[in-house]
Amino acid sequence: MWEHKHCVTLQVFNQVKHKVLTISPWNAIICSLAMYGHARTSLETFSDLLTRGIPLNSITFIGVLSACCHAGLVEEGERHFRSMKNVYNIEPNIKHYGCMVDLLGRAGRLKEAEEMINIMPMKADVVIWGTLLAASRTVGS
C-alpha cells in the first residue's frame with residue numbers, strides 16, 4: 001500500500017516542485033522517503049533542494065541524517081552533520097546527535113558513538129543512551 005502511495009506522492013511532488021518556495025513540502029518528502037527505506041531517493045531529493053535556493057532548517061537535516069543512517073552512509077552522514085553548522089548555520093539539537101549516535105552505532109563504530117555523546121552540548125537523554133545500548137547489543141560489544 002505504501003509503495004503505491006509513495007510513487008503517487010513522489011510523482012505529484014516532482015510535477016509541482018518547481019513551484020514550491022518553502023521548505024516544509026521538501027522536508028515532508030525527504031523525511032518520509034528516509035523513514036520508509038528510500039534513502040537514496042531521499043538524498044537525491046535533498047540534492048535537488050540544494051539547487052533551488054530554499055533555506056534549509058533543522059528538520060531537513062533530521063531527514064537527511066535518517067536517510068544516511070538507514071543506508072549505512074556513515075561518511076556522508078558525518079559530512080552533512082558538519083555542514084549543518086559550518087555551511088548552513090544550523091545548530092544541531094539532540095535529535096541530530098541521536099541520528100549520529102544511531103548511524104555510528106549501526107556501523108559498529110561504538111567508540112565514536114560514545115565520543116559523540118560525550119561532546120554533545122546538551123545532556124544525553126534516555127533515547128540517546130538506549131540507541132547506544134541497542135547498537136552495543138547488535139554489534140555484540
# chains A, B, ... in the order shown; residues from 1 in each chain; ligands from 1
call {"tool": "residues_around", "arguments": {"residues": "segment 43-48 of chain A", "least_positions_apart": "3", "cutoff": "9 Å", "atoms": "only C-alpha atoms", "output": "PyMOL selection string"}}
result
chain A and resi 26-27+29-30+33-34+38-40+51-52+60+63-64+67-68
call {"tool": "select_by_dssp", "arguments": {"residues": "chain A", "states": "alpha helix (DSSP H)", "output": "PyMOL selection string"}}
result
chain A and resi 2-16+23-35+39-50+58-71+74-86+94-106+110-119+126-139
call {"tool": "residues_around", "arguments": {"residues": "segment 100-102 of chain A", "least_positions_apart": "2", "cutoff": "12 Å", "atoms": "only C-alpha atoms", "output": "compact mmCIF listing (two decimals) with all heavy atoms, in the first residue's frame"}}
result
# COMPACT_ATOMS: atom_id res chain seq x y z
N PHE A 61 17.58 18.35 8.07
CA PHE A 61 18.73 17.52 8.41
C PHE A 61 18.36 16.28 9.20
O PHE A 61 19.10 15.29 9.15
CB PHE A 61 19.80 18.36 9.11
CG PHE A 61 20.56 19.22 8.15
CD1 PHE A 61 20.20 20.54 7.95
CD2 PHE A 61 21.59 18.69 7.39
CE1 PHE A 61 20.87 21.32 7.04
CE2 PHE A 61 22.27 19.46 6.47
CZ PHE A 61 21.91 20.78 6.29
N ILE A 62 17.25 16.28 9.88
CA ILE A 62 16.78 15.05 10.51
C ILE A 62 16.47 14.02 9.42
O ILE A 62 16.86 12.86 9.52
CB ILE A 62 15.57 15.30 11.44
CG1 ILE A 62 16.03 16.08 12.66
CG2 ILE A 62 14.91 13.98 11.83
CD1 ILE A 62 14.92 16.56 13.56
N VAL A 64 17.71 13.98 6.31
CA VAL A 64 18.96 13.63 5.64
C VAL A 64 19.78 12.65 6.49
O VAL A 64 20.28 11.63 5.98
CB VAL A 64 19.78 14.90 5.31
CG1 VAL A 64 21.19 14.56 4.87
CG2 VAL A 64 19.05 15.72 4.25
N LEU A 65 19.92 12.95 7.78
CA LEU A 65 20.70 12.06 8.65
C LEU A 65 20.02 10.71 8.82
O LEU A 65 20.69 9.68 8.88
CB LEU A 65 20.95 12.73 10.01
CG LEU A 65 21.83 13.98 9.96
CD1 LEU A 65 21.87 14.64 11.34
CD2 LEU A 65 23.23 13.66 9.45
N SER A 66 18.70 10.70 8.87
CA SER A 66 17.96 9.43 8.95
C SER A 66 18.19 8.60 7.69
O SER A 66 18.37 7.38 7.77
CB SER A 66 16.46 9.68 9.14
OG SER A 66 16.22 10.28 10.37
N ALA A 67 18.17 9.25 6.55
CA ALA A 67 18.42 8.54 5.29
C ALA A 67 19.82 7.93 5.30
O ALA A 67 19.99 6.76 4.94
CB ALA A 67 18.26 9.48 4.10
N CYS A 68 20.80 8.70 5.73
CA CYS A 68 22.17 8.18 5.80
C CYS A 68 22.25 7.01 6.77
O CYS A 68 22.92 6.00 6.49
CB CYS A 68 23.13 9.29 6.24
SG CYS A 68 23.38 10.58 5.00
N CYS A 69 21.55 7.12 7.88
CA CYS A 69 21.54 6.05 8.88
C CYS A 69 20.97 4.76 8.30
O CYS A 69 21.55 3.69 8.42
CB CYS A 69 20.76 6.50 10.10
SG CYS A 69 20.80 5.35 11.47
N HIS A 70 19.82 4.86 7.66
CA HIS A 70 19.16 3.67 7.13
C HIS A 70 19.92 3.04 5.97
O HIS A 70 19.77 1.85 5.72
CB HIS A 70 17.72 3.99 6.72
CG HIS A 70 16.85 4.28 7.89
ND1 HIS A 70 16.48 3.33 8.82
CD2 HIS A 70 16.29 5.44 8.31
CE1 HIS A 70 15.73 3.88 9.75
NE2 HIS A 70 15.60 5.16 9.47
N ALA A 71 20.73 3.84 5.28
CA ALA A 71 21.50 3.31 4.15
C ALA A 71 22.94 2.96 4.55
O ALA A 71 23.69 2.46 3.72
CB ALA A 71 21.52 4.33 3.02
N GLY A 72 23.31 3.23 5.80
CA GLY A 72 24.66 2.92 6.25
C GLY A 72 25.73 3.84 5.67
O GLY A 72 26.88 3.45 5.54
N LEU A 73 25.35 5.05 5.34
CA LEU A 73 26.26 6.02 4.71
C LEU A 73 26.91 6.89 5.79
O LEU A 73 26.55 8.06 5.98
CB LEU A 73 25.51 6.87 3.70
CG LEU A 73 24.81 6.09 2.58
CD1 LEU A 73 23.91 7.01 1.76
CD2 LEU A 73 25.85 5.41 1.69
N VAL A 74 27.88 6.32 6.50
CA VAL A 74 28.47 6.99 7.66
C VAL A 74 29.20 8.27 7.26
O VAL A 74 28.96 9.33 7.84
CB VAL A 74 29.41 6.04 8.43
CG1 VAL A 74 30.07 6.75 9.60
CG2 VAL A 74 28.65 4.82 8.91
N GLU A 75 30.09 8.18 6.29
CA GLU A 75 30.88 9.35 5.91
C GLU A 75 29.98 10.47 5.37
O GLU A 75 30.17 11.64 5.68
CB GLU A 75 31.95 8.98 4.88
CG GLU A 75 33.11 8.20 5.45
CD GLU A 75 32.79 6.73 5.74
OE1 GLU A 75 31.84 6.19 5.13
OE2 GLU A 75 33.47 6.14 6.60
N GLU A 76 28.98 10.10 4.57
CA GLU A 76 28.06 11.11 4.06
C GLU A 76 27.27 11.74 5.20
O GLU A 76 27.07 12.96 5.24
CB GLU A 76 27.11 10.50 3.01
CG GLU A 76 26.27 11.54 2.32
CD GLU A 76 25.52 11.01 1.10
OE1 GLU A 76 25.80 9.90 0.64
OE2 GLU A 76 24.63 11.74 0.63
N GLY A 77 26.84 10.93 6.15
CA GLY A 77 26.13 11.45 7.31
C GLY A 77 26.98 12.40 8.13
O GLY A 77 26.52 13.46 8.56
N GLU A 78 28.23 12.02 8.32
CA GLU A 78 29.15 12.90 9.06
C GLU A 78 29.35 14.22 8.32
O GLU A 78 29.39 15.28 8.95
CB GLU A 78 30.50 12.20 9.26
CG GLU A 78 30.45 11.05 10.24
CD GLU A 78 31.75 10.29 10.33
OE1 GLU A 78 32.43 10.10 9.30
OE2 GLU A 78 32.09 9.88 11.47
N ARG A 79 29.47 14.15 7.02
CA ARG A 79 29.65 15.37 6.21
C ARG A 79 28.43 16.29 6.34
O ARG A 79 28.57 17.50 6.55
CB ARG A 79 29.89 14.98 4.75
CG ARG A 79 30.20 16.16 3.86
CD ARG A 79 30.62 15.73 2.45
NE ARG A 79 29.74 14.76 1.83
CZ ARG A 79 28.59 15.05 1.21
NH1 ARG A 79 28.18 16.31 1.14
NH2 ARG A 79 27.86 14.11 0.65
N HIS A 80 27.24 15.71 6.25
CA HIS A 80 26.02 16.52 6.38
C HIS A 80 25.89 17.10 7.79
O HIS A 80 25.49 18.25 7.95
CB HIS A 80 24.78 15.70 6.02
CG HIS A 80 24.65 15.41 4.57
ND1 HIS A 80 24.60 16.40 3.60
CD2 HIS A 80 24.55 14.23 3.91
CE1 HIS A 80 24.48 15.85 2.41
NE2 HIS A 80 24.45 14.53 2.57
N PHE A 81 26.25 16.30 8.80
CA PHE A 81 26.17 16.78 10.17
C PHE A 81 27.09 17.98 10.37
O PHE A 81 26.68 19.00 10.94
CB PHE A 81 26.55 15.65 11.14
CG PHE A 81 26.44 16.02 12.59
CD1 PHE A 81 25.20 16.07 13.22
CD2 PHE A 81 27.57 16.33 13.33
CE1 PHE A 81 25.10 16.42 14.57
CE2 PHE A 81 27.48 16.68 14.67
CZ PHE A 81 26.24 16.72 15.29
N ARG A 82 28.32 17.90 9.88
CA ARG A 82 29.25 19.03 10.00
C ARG A 82 28.76 20.25 9.23
O ARG A 82 28.91 21.38 9.67
CB ARG A 82 30.64 18.62 9.50
CG ARG A 82 31.42 17.75 10.47
CD ARG A 82 32.87 17.59 10.03
NE ARG A 82 33.00 17.08 8.66
CZ ARG A 82 33.04 15.79 8.33
NH1 ARG A 82 32.97 14.87 9.27
NH2 ARG A 82 33.18 15.43 7.07
N PRO A 92 23.02 21.89 15.58
CA PRO A 92 22.44 20.55 15.80
C PRO A 92 21.77 20.46 17.18
O PRO A 92 22.30 20.98 18.16
CB PRO A 92 23.64 19.61 15.72
CG PRO A 92 24.70 20.38 15.01
CD PRO A 92 24.46 21.83 15.35
N ASN A 93 20.62 19.81 17.22
CA ASN A 93 19.94 19.59 18.51
C ASN A 93 20.06 18.11 18.89
O ASN A 93 20.72 17.33 18.20
CB ASN A 93 18.49 20.08 18.46
CG ASN A 93 17.63 19.33 17.46
OD1 ASN A 93 17.76 18.11 17.29
ND2 ASN A 93 16.73 20.04 16.79
N ILE A 94 19.43 17.73 19.96
CA ILE A 94 19.57 16.37 20.48
C ILE A 94 19.11 15.32 19.47
O ILE A 94 19.65 14.21 19.42
CB ILE A 94 18.87 16.22 21.85
CG1 ILE A 94 19.37 14.95 22.55
CG2 ILE A 94 17.35 16.26 21.69
CD1 ILE A 94 19.10 14.92 24.03
N LYS A 95 18.15 15.65 18.63
CA LYS A 95 17.68 14.69 17.62
C LYS A 95 18.75 14.44 16.56
O LYS A 95 18.91 13.32 16.09
CB LYS A 95 16.38 15.18 16.98
CG LYS A 95 15.22 15.17 17.94
CD LYS A 95 13.96 15.71 17.31
CE LYS A 95 12.85 15.75 18.35
NZ LYS A 95 11.62 16.30 17.81
N HIS A 96 19.48 15.47 16.19
CA HIS A 96 20.56 15.31 15.22
C HIS A 96 21.68 14.46 15.83
O HIS A 96 22.23 13.58 15.16
CB HIS A 96 21.10 16.67 14.78
CG HIS A 96 20.06 17.52 14.14
ND1 HIS A 96 19.50 18.59 14.79
CD2 HIS A 96 19.46 17.44 12.94
CE1 HIS A 96 18.60 19.14 14.00
NE2 HIS A 96 18.55 18.46 12.86
N TYR A 97 22.01 14.74 17.09
CA TYR A 97 23.03 13.93 17.76
C TYR A 97 22.55 12.49 17.88
O TYR A 97 23.33 11.55 17.71
CB TYR A 97 23.38 14.52 19.13
CG TYR A 97 24.31 15.70 19.05
CD1 TYR A 97 23.83 17.00 19.08
CD2 TYR A 97 25.69 15.51 18.92
CE1 TYR A 97 24.68 18.09 18.99
CE2 TYR A 97 26.55 16.59 18.83
CZ TYR A 97 26.04 17.88 18.87
OH TYR A 97 26.89 18.95 18.76
N GLY A 98 21.28 12.31 18.15
CA GLY A 98 20.72 10.95 18.22
C GLY A 98 20.85 10.21 16.90
O GLY A 98 21.19 9.02 16.87
N LEU A 104 26.46 5.87 13.71
CA LEU A 104 27.75 5.30 14.11
C LEU A 104 27.58 3.93 14.76
O LEU A 104 28.35 3.00 14.49
CB LEU A 104 28.48 6.26 15.04
CG LEU A 104 28.93 7.58 14.42
CD1 LEU A 104 29.32 8.59 15.49
CD2 LEU A 104 30.06 7.36 13.43
N GLY A 105 26.56 3.81 15.60
CA GLY A 105 26.32 2.54 16.28
C GLY A 105 25.97 1.42 15.33
O GLY A 105 26.49 0.30 15.42
N ARG A 106 25.10 1.69 14.37
CA ARG A 106 24.72 0.67 13.38
C ARG A 106 25.91 0.23 12.54
O ARG A 106 25.95 -0.89 12.04
CB ARG A 106 23.62 1.20 12.46
CG ARG A 106 22.27 1.31 13.10
CD ARG A 106 21.28 1.89 12.10
NE ARG A 106 20.02 2.23 12.71
CZ ARG A 106 18.85 1.76 12.29
NH1 ARG A 106 18.78 0.94 11.28
NH2 ARG A 106 17.74 2.13 12.89
N ALA A 107 26.87 1.14 12.38
CA ALA A 107 28.07 0.82 11.60
C ALA A 107 29.12 0.11 12.45
O ALA A 107 30.21 -0.20 11.97
CB ALA A 107 28.65 2.10 11.01
N GLY A 108 28.80 -0.13 13.72
CA GLY A 108 29.74 -0.82 14.61
C GLY A 108 30.81 0.09 15.17
O GLY A 108 31.77 -0.38 15.77
N ARG A 109 30.66 1.38 15.00
CA ARG A 109 31.65 2.34 15.47
C ARG A 109 31.20 2.88 16.83
O ARG A 109 30.91 4.06 17.00
CB ARG A 109 31.83 3.43 14.43
CG ARG A 109 32.46 2.85 13.16
CD ARG A 109 32.36 3.71 11.94
NE ARG A 109 32.97 5.02 12.05
CZ ARG A 109 33.12 5.86 11.02
NH1 ARG A 109 32.72 5.50 9.81
NH2 ARG A 109 33.65 7.04 11.20
N LEU A 110 31.17 1.96 17.81
CA LEU A 110 30.61 2.27 19.12
C LEU A 110 31.43 3.30 19.89
O LEU A 110 30.87 4.15 20.59
CB LEU A 110 30.45 0.99 19.94
CG LEU A 110 29.52 -0.05 19.34
CD1 LEU A 110 29.52 -1.32 20.17
CD2 LEU A 110 28.12 0.50 19.20
N LYS A 111 32.75 3.23 19.77
CA LYS A 111 33.60 4.18 20.47
C LYS A 111 33.32 5.60 19.96
O LYS A 111 33.21 6.54 20.74
CB LYS A 111 35.07 3.81 20.27
CG LYS A 111 36.02 4.63 21.10
CD LYS A 111 35.86 4.31 22.55
CE LYS A 111 36.87 5.11 23.36
NZ LYS A 111 36.50 5.20 24.75
N GLU A 112 33.17 5.75 18.65
CA GLU A 112 32.86 7.07 18.08
C GLU A 112 31.46 7.52 18.49
O GLU A 112 31.25 8.72 18.72
CB GLU A 112 32.96 7.03 16.56
CG GLU A 112 34.38 6.87 16.05
CD GLU A 112 34.42 6.68 14.56
OE1 GLU A 112 34.14 7.67 13.84
OE2 GLU A 112 34.72 5.56 14.12
N ALA A 113 30.53 6.59 18.58
CA ALA A 113 29.18 6.94 19.03
C ALA A 113 29.23 7.44 20.47
O ALA A 113 28.58 8.45 20.80
CB ALA A 113 28.25 5.72 18.92
N GLU A 114 30.00 6.78 21.31
CA GLU A 114 30.14 7.22 22.69
C GLU A 114 30.83 8.58 22.76
O GLU A 114 30.43 9.45 23.55
CB GLU A 114 30.94 6.18 23.50
CG GLU A 114 31.04 6.51 24.96
CD GLU A 114 31.82 5.48 25.75
OE1 GLU A 114 32.40 4.55 25.17
OE2 GLU A 114 31.85 5.62 26.99
N GLU A 115 31.84 8.80 21.93
CA GLU A 115 32.51 10.10 21.88
C GLU A 115 31.53 11.19 21.45
O GLU A 115 31.58 12.31 21.96
CB GLU A 115 33.71 10.04 20.94
CG GLU A 115 34.86 9.23 21.49
CD GLU A 115 35.95 8.95 20.45
OE1 GLU A 115 35.89 9.50 19.32
OE2 GLU A 115 36.86 8.18 20.78
N MET A 116 30.66 10.86 20.51
CA MET A 116 29.64 11.83 20.06
C MET A 116 28.77 12.23 21.25
O MET A 116 28.46 13.42 21.43
CB MET A 116 28.80 11.22 18.94
CG MET A 116 27.70 12.10 18.40
SD MET A 116 28.21 13.57 17.51
CE MET A 116 28.95 12.90 16.06
N ILE A 117 28.38 11.26 22.05
CA ILE A 117 27.57 11.55 23.24
C ILE A 117 28.34 12.46 24.20
O ILE A 117 27.78 13.41 24.75
CB ILE A 117 27.13 10.25 23.94
CG1 ILE A 117 26.16 9.47 23.05
CG2 ILE A 117 26.52 10.54 25.31
CD1 ILE A 117 25.85 8.07 23.53
N ASN A 118 29.62 12.18 24.36
CA ASN A 118 30.43 12.96 25.30
C ASN A 118 30.66 14.40 24.86
O ASN A 118 30.86 15.27 25.71
CB ASN A 118 31.76 12.26 25.56
CG ASN A 118 31.59 10.97 26.34
OD1 ASN A 118 30.65 10.83 27.12
ND2 ASN A 118 32.47 10.01 26.12
N ILE A 119 30.62 14.67 23.56
CA ILE A 119 30.86 16.05 23.10
C ILE A 119 29.57 16.83 22.88
O ILE A 119 29.61 18.02 22.58
CB ILE A 119 31.71 16.09 21.81
CG1 ILE A 119 30.97 15.45 20.64
CG2 ILE A 119 33.08 15.47 22.03
CD1 ILE A 119 31.54 15.81 19.28
N MET A 120 28.42 16.16 23.04
CA MET A 120 27.15 16.86 22.87
C MET A 120 27.07 18.05 23.82
O MET A 120 27.45 17.93 24.98
CB MET A 120 25.97 15.92 23.17
CG MET A 120 25.72 14.87 22.14
SD MET A 120 24.47 13.62 22.60
CE MET A 120 23.25 14.54 23.49
N ALA A 124 22.76 13.96 27.47
CA ALA A 124 22.15 12.85 26.74
C ALA A 124 20.91 12.37 27.50
O ALA A 124 20.92 12.28 28.73
CB ALA A 124 23.15 11.71 26.59
N VAL A 127 16.79 8.30 25.30
CA VAL A 127 16.76 7.85 23.90
C VAL A 127 18.18 7.68 23.36
O VAL A 127 18.50 6.69 22.70
CB VAL A 127 15.94 8.82 23.02
CG1 VAL A 127 16.00 8.43 21.56
CG2 VAL A 127 14.49 8.88 23.50
N ILE A 128 19.03 8.64 23.65
CA ILE A 128 20.43 8.58 23.19
C ILE A 128 21.13 7.36 23.79
O ILE A 128 21.77 6.59 23.07
CB ILE A 128 21.19 9.87 23.56
CG1 ILE A 128 20.56 11.10 22.93
CG2 ILE A 128 22.67 9.74 23.23
CD1 ILE A 128 20.80 11.27 21.46
N TRP A 129 20.99 7.19 25.10
CA TRP A 129 21.64 6.04 25.75
C TRP A 129 21.04 4.73 25.27
O TRP A 129 21.75 3.73 25.08
CB TRP A 129 21.57 6.17 27.28
CG TRP A 129 22.46 7.26 27.80
CD1 TRP A 129 22.06 8.42 28.40
CD2 TRP A 129 23.88 7.31 27.72
NE1 TRP A 129 23.14 9.19 28.71
CE2 TRP A 129 24.29 8.53 28.32
CE3 TRP A 129 24.86 6.46 27.23
CZ2 TRP A 129 25.63 8.91 28.43
CZ3 TRP A 129 26.20 6.83 27.33
CH2 TRP A 129 26.57 8.04 27.93
N GLY A 130 19.74 4.70 25.05
CA GLY A 130 19.09 3.50 24.54
C GLY A 130 19.57 3.15 23.14
O GLY A 130 19.73 1.97 22.79
N THR A 131 19.82 4.16 22.33
CA THR A 131 20.32 3.94 20.98
C THR A 131 21.72 3.32 21.03
O THR A 131 22.00 2.36 20.30
CB THR A 131 20.37 5.28 20.21
OG1 THR A 131 19.05 5.82 20.15
CG2 THR A 131 20.92 5.11 18.81
N LEU A 132 22.57 3.83 21.91
CA LEU A 132 23.91 3.26 22.07
C LEU A 132 23.83 1.84 22.61
O LEU A 132 24.54 0.95 22.13
CB LEU A 132 24.77 4.14 22.98
CG LEU A 132 26.21 3.69 23.16
CD1 LEU A 132 26.96 3.70 21.82
CD2 LEU A 132 26.92 4.58 24.18
N LEU A 133 22.97 1.61 23.59
CA LEU A 133 22.82 0.27 24.16
C LEU A 133 22.33 -0.73 23.11
O LEU A 133 22.85 -1.84 22.99
CB LEU A 133 21.85 0.31 25.34
CG LEU A 133 21.58 -1.01 26.05
CD1 LEU A 133 22.87 -1.59 26.63
CD2 LEU A 133 20.53 -0.82 27.14
N ALA A 134 21.36 -0.33 22.30
CA ALA A 134 20.84 -1.21 21.25
C ALA A 134 21.94 -1.54 20.24
O ALA A 134 22.07 -2.70 19.79
CB ALA A 134 19.65 -0.56 20.56
N ALA A 135 22.73 -0.56 19.88
CA ALA A 135 23.83 -0.79 18.94
C ALA A 135 24.86 -1.74 19.56
O ALA A 135 25.38 -2.63 18.88
CB ALA A 135 24.49 0.53 18.55
N SER A 136 25.14 -1.57 20.85
CA SER A 136 26.08 -2.45 21.54
C SER A 136 25.59 -3.89 21.53
O SER A 136 26.39 -4.81 21.31
CB SER A 136 26.27 -1.99 22.99
OG SER A 136 26.80 -0.70 23.04
N THR A 138 23.52 -5.22 19.32
CA THR A 138 23.53 -5.70 17.93
C THR A 138 24.95 -6.07 17.50
O THR A 138 25.17 -7.10 16.88
CB THR A 138 22.97 -4.61 16.99
OG1 THR A 138 21.64 -4.32 17.41
CG2 THR A 138 22.95 -5.08 15.56
call {"tool": "closest_residue", "arguments": {"among": "A:Thr9, A:Thr41, A:Ser32, A:Asn89", "to": "Ser58 of chain A", "atoms": "only C-alpha atoms"}}
result
A:Asn89
call {"tool": "atom_distance", "arguments": {"atom1": "atom CA of Asn14 of chain A", "atom2": "atom CA of Leu49 of chain A"}}
result
11.5 Å
call {"tool": "residues_around", "arguments": {"residues": "Tyr88 of chain A", "least_positions_apart": "3", "cutoff": "10 Å", "atoms": "only C-alpha atoms", "output": "PyMOL selection string"}}
result
chain A and resi 55-58+82-85+91
call {"tool": "write_last_selection", "arguments": {"atoms": "all heavy atoms", "output": "PDB file, in the first residue's frame"}}
result
ATOM      1  N   PRO A  55      15.929  28.126   1.849  1.00  0.00           N
ATOM      2  CA  PRO A  55      16.663  27.950   3.108  1.00  0.00           C
ATOM      3  C   PRO A  55      16.281  26.639   3.808  1.00  0.00           C
ATOM      4  O   PRO A  55      15.100  26.301   3.918  1.00  0.00           O
ATOM      5  CB  PRO A  55      16.242  29.156   3.955  1.00  0.00           C
ATOM      6  CG  PRO A  55      15.703  30.150   2.975  1.00  0.00           C
ATOM      7  CD  PRO A  55      15.134  29.356   1.844  1.00  0.00           C
ATOM      8  N   LEU A  56      17.297  25.930   4.276  1.00  0.00           N
ATOM      9  CA  LEU A  56      17.091  24.671   4.986  1.00  0.00           C
ATOM     10  C   LEU A  56      16.799  24.965   6.451  1.00  0.00           C
ATOM     11  O   LEU A  56      17.062  26.057   6.945  1.00  0.00           O
ATOM     12  CB  LEU A  56      18.350  23.807   4.875  1.00  0.00           C
ATOM     13  CG  LEU A  56      18.922  23.615   3.468  1.00  0.00           C
ATOM     14  CD1 LEU A  56      20.184  22.762   3.531  1.00  0.00           C
ATOM     15  CD2 LEU A  56      17.904  22.996   2.548  1.00  0.00           C
ATOM     16  N   ASN A  57      16.275  23.960   7.153  1.00  0.00           N
ATOM     17  CA  ASN A  57      16.090  24.090   8.597  1.00  0.00           C
ATOM     18  C   ASN A  57      16.491  22.791   9.286  1.00  0.00           C
ATOM     19  O   ASN A  57      16.942  21.838   8.630  1.00  0.00           O
ATOM     20  CB  ASN A  57      14.666  24.546   8.948  1.00  0.00           C
ATOM     21  CG  ASN A  57      13.595  23.541   8.581  1.00  0.00           C
ATOM     22  OD1 ASN A  57      13.847  22.347   8.408  1.00  0.00           O
ATOM     23  ND2 ASN A  57      12.366  24.021   8.460  1.00  0.00           N
ATOM     24  N   SER A  58      16.326  22.741  10.588  1.00  0.00           N
ATOM     25  CA  SER A  58      16.782  21.573  11.350  1.00  0.00           C
ATOM     26  C   SER A  58      16.037  20.301  10.950  1.00  0.00           C
ATOM     27  O   SER A  58      16.616  19.212  10.973  1.00  0.00           O
ATOM     28  CB  SER A  58      16.651  21.838  12.849  1.00  0.00           C
ATOM     29  OG  SER A  58      15.295  21.983  13.214  1.00  0.00           O
ATOM     30  N   ARG A  82      28.316  17.900   9.879  1.00  0.00           N
ATOM     31  CA  ARG A  82      29.252  19.026   9.997  1.00  0.00           C
ATOM     32  C   ARG A  82      28.758  20.247   9.227  1.00  0.00           C
ATOM     33  O   ARG A  82      28.915  21.384   9.673  1.00  0.00           O
ATOM     34  CB  ARG A  82      30.644  18.624   9.502  1.00  0.00           C
ATOM     35  CG  ARG A  82      31.422  17.751  10.473  1.00  0.00           C
ATOM     36  CD  ARG A  82      32.867  17.593  10.033  1.00  0.00           C
ATOM     37  NE  ARG A  82      32.996  17.085   8.664  1.00  0.00           N
ATOM     38  CZ  ARG A  82      33.042  15.794   8.330  1.00  0.00           C
ATOM     39  NH1 ARG A  82      32.968  14.875   9.267  1.00  0.00           N
ATOM     40  NH2 ARG A  82      33.177  15.431   7.068  1.00  0.00           N
ATOM     41  N   SER A  83      28.150  20.004   8.063  1.00  0.00           N
ATOM     42  CA  SER A  83      27.699  21.129   7.230  1.00  0.00           C
ATOM     43  C   SER A  83      26.547  21.902   7.873  1.00  0.00           C
ATOM     44  O   SER A  83      26.347  23.081   7.550  1.00  0.00           O
ATOM     45  CB  SER A  83      27.292  20.637   5.840  1.00  0.00           C
ATOM     46  OG  SER A  83      26.019  20.028   5.853  1.00  0.00           O
ATOM     47  N   MET A  84      25.809  21.265   8.760  1.00  0.00           N
ATOM     48  CA  MET A  84      24.700  21.965   9.408  1.00  0.00           C
ATOM     49  C   MET A  84      25.177  23.286   9.985  1.00  0.00           C
ATOM     50  O   MET A  84      24.606  24.344   9.699  1.00  0.00           O
ATOM     51  CB  MET A  84      24.101  21.115  10.541  1.00  0.00           C
ATOM     52  CG  MET A  84      23.284  19.951  10.097  1.00  0.00           C
ATOM     53  SD  MET A  84      22.641  19.022  11.501  1.00  0.00           S
ATOM     54  CE  MET A  84      21.547  20.235  12.232  1.00  0.00           C
ATOM     55  N   LYS A  85      26.209  23.215  10.810  1.00  0.00           N
ATOM     56  CA  LYS A  85      26.700  24.406  11.490  1.00  0.00           C
ATOM     57  C   LYS A  85      27.663  25.202  10.605  1.00  0.00           C
ATOM     58  O   LYS A  85      27.560  26.416  10.507  1.00  0.00           O
ATOM     59  CB  LYS A  85      27.390  24.012  12.795  1.00  0.00           C
ATOM     60  CG  LYS A  85      27.762  25.178  13.658  1.00  0.00           C
ATOM     61  CD  LYS A  85      28.199  24.745  15.020  1.00  0.00           C
ATOM     62  CE  LYS A  85      28.399  25.946  15.897  1.00  0.00           C
ATOM     63  NZ  LYS A  85      28.701  25.582  17.261  1.00  0.00           N
ATOM     64  N   GLU A  91      22.289  24.994  14.236  1.00  0.00           N
ATOM     65  CA  GLU A  91      22.858  24.340  15.409  1.00  0.00           C
ATOM     66  C   GLU A  91      22.217  22.958  15.585  1.00  0.00           C
ATOM     67  O   GLU A  91      20.991  22.859  15.706  1.00  0.00           O
ATOM     68  CB  GLU A  91      22.602  25.199  16.650  1.00  0.00           C
ATOM     69  CG  GLU A  91      23.446  24.847  17.833  1.00  0.00           C
ATOM     70  CD  GLU A  91      24.926  25.133  17.616  1.00  0.00           C
ATOM     71  OE1 GLU A  91      25.274  26.182  17.058  1.00  0.00           O
ATOM     72  OE2 GLU A  91      25.728  24.281  18.025  1.00  0.00           O
TER      73      GLU A  91
END
call {"tool": "atom_distance", "arguments": {"atom1": "atom CA of Val20 of chain A", "atom2": "atom CA of Ile59 of chain A"}}
result
16.8 Å
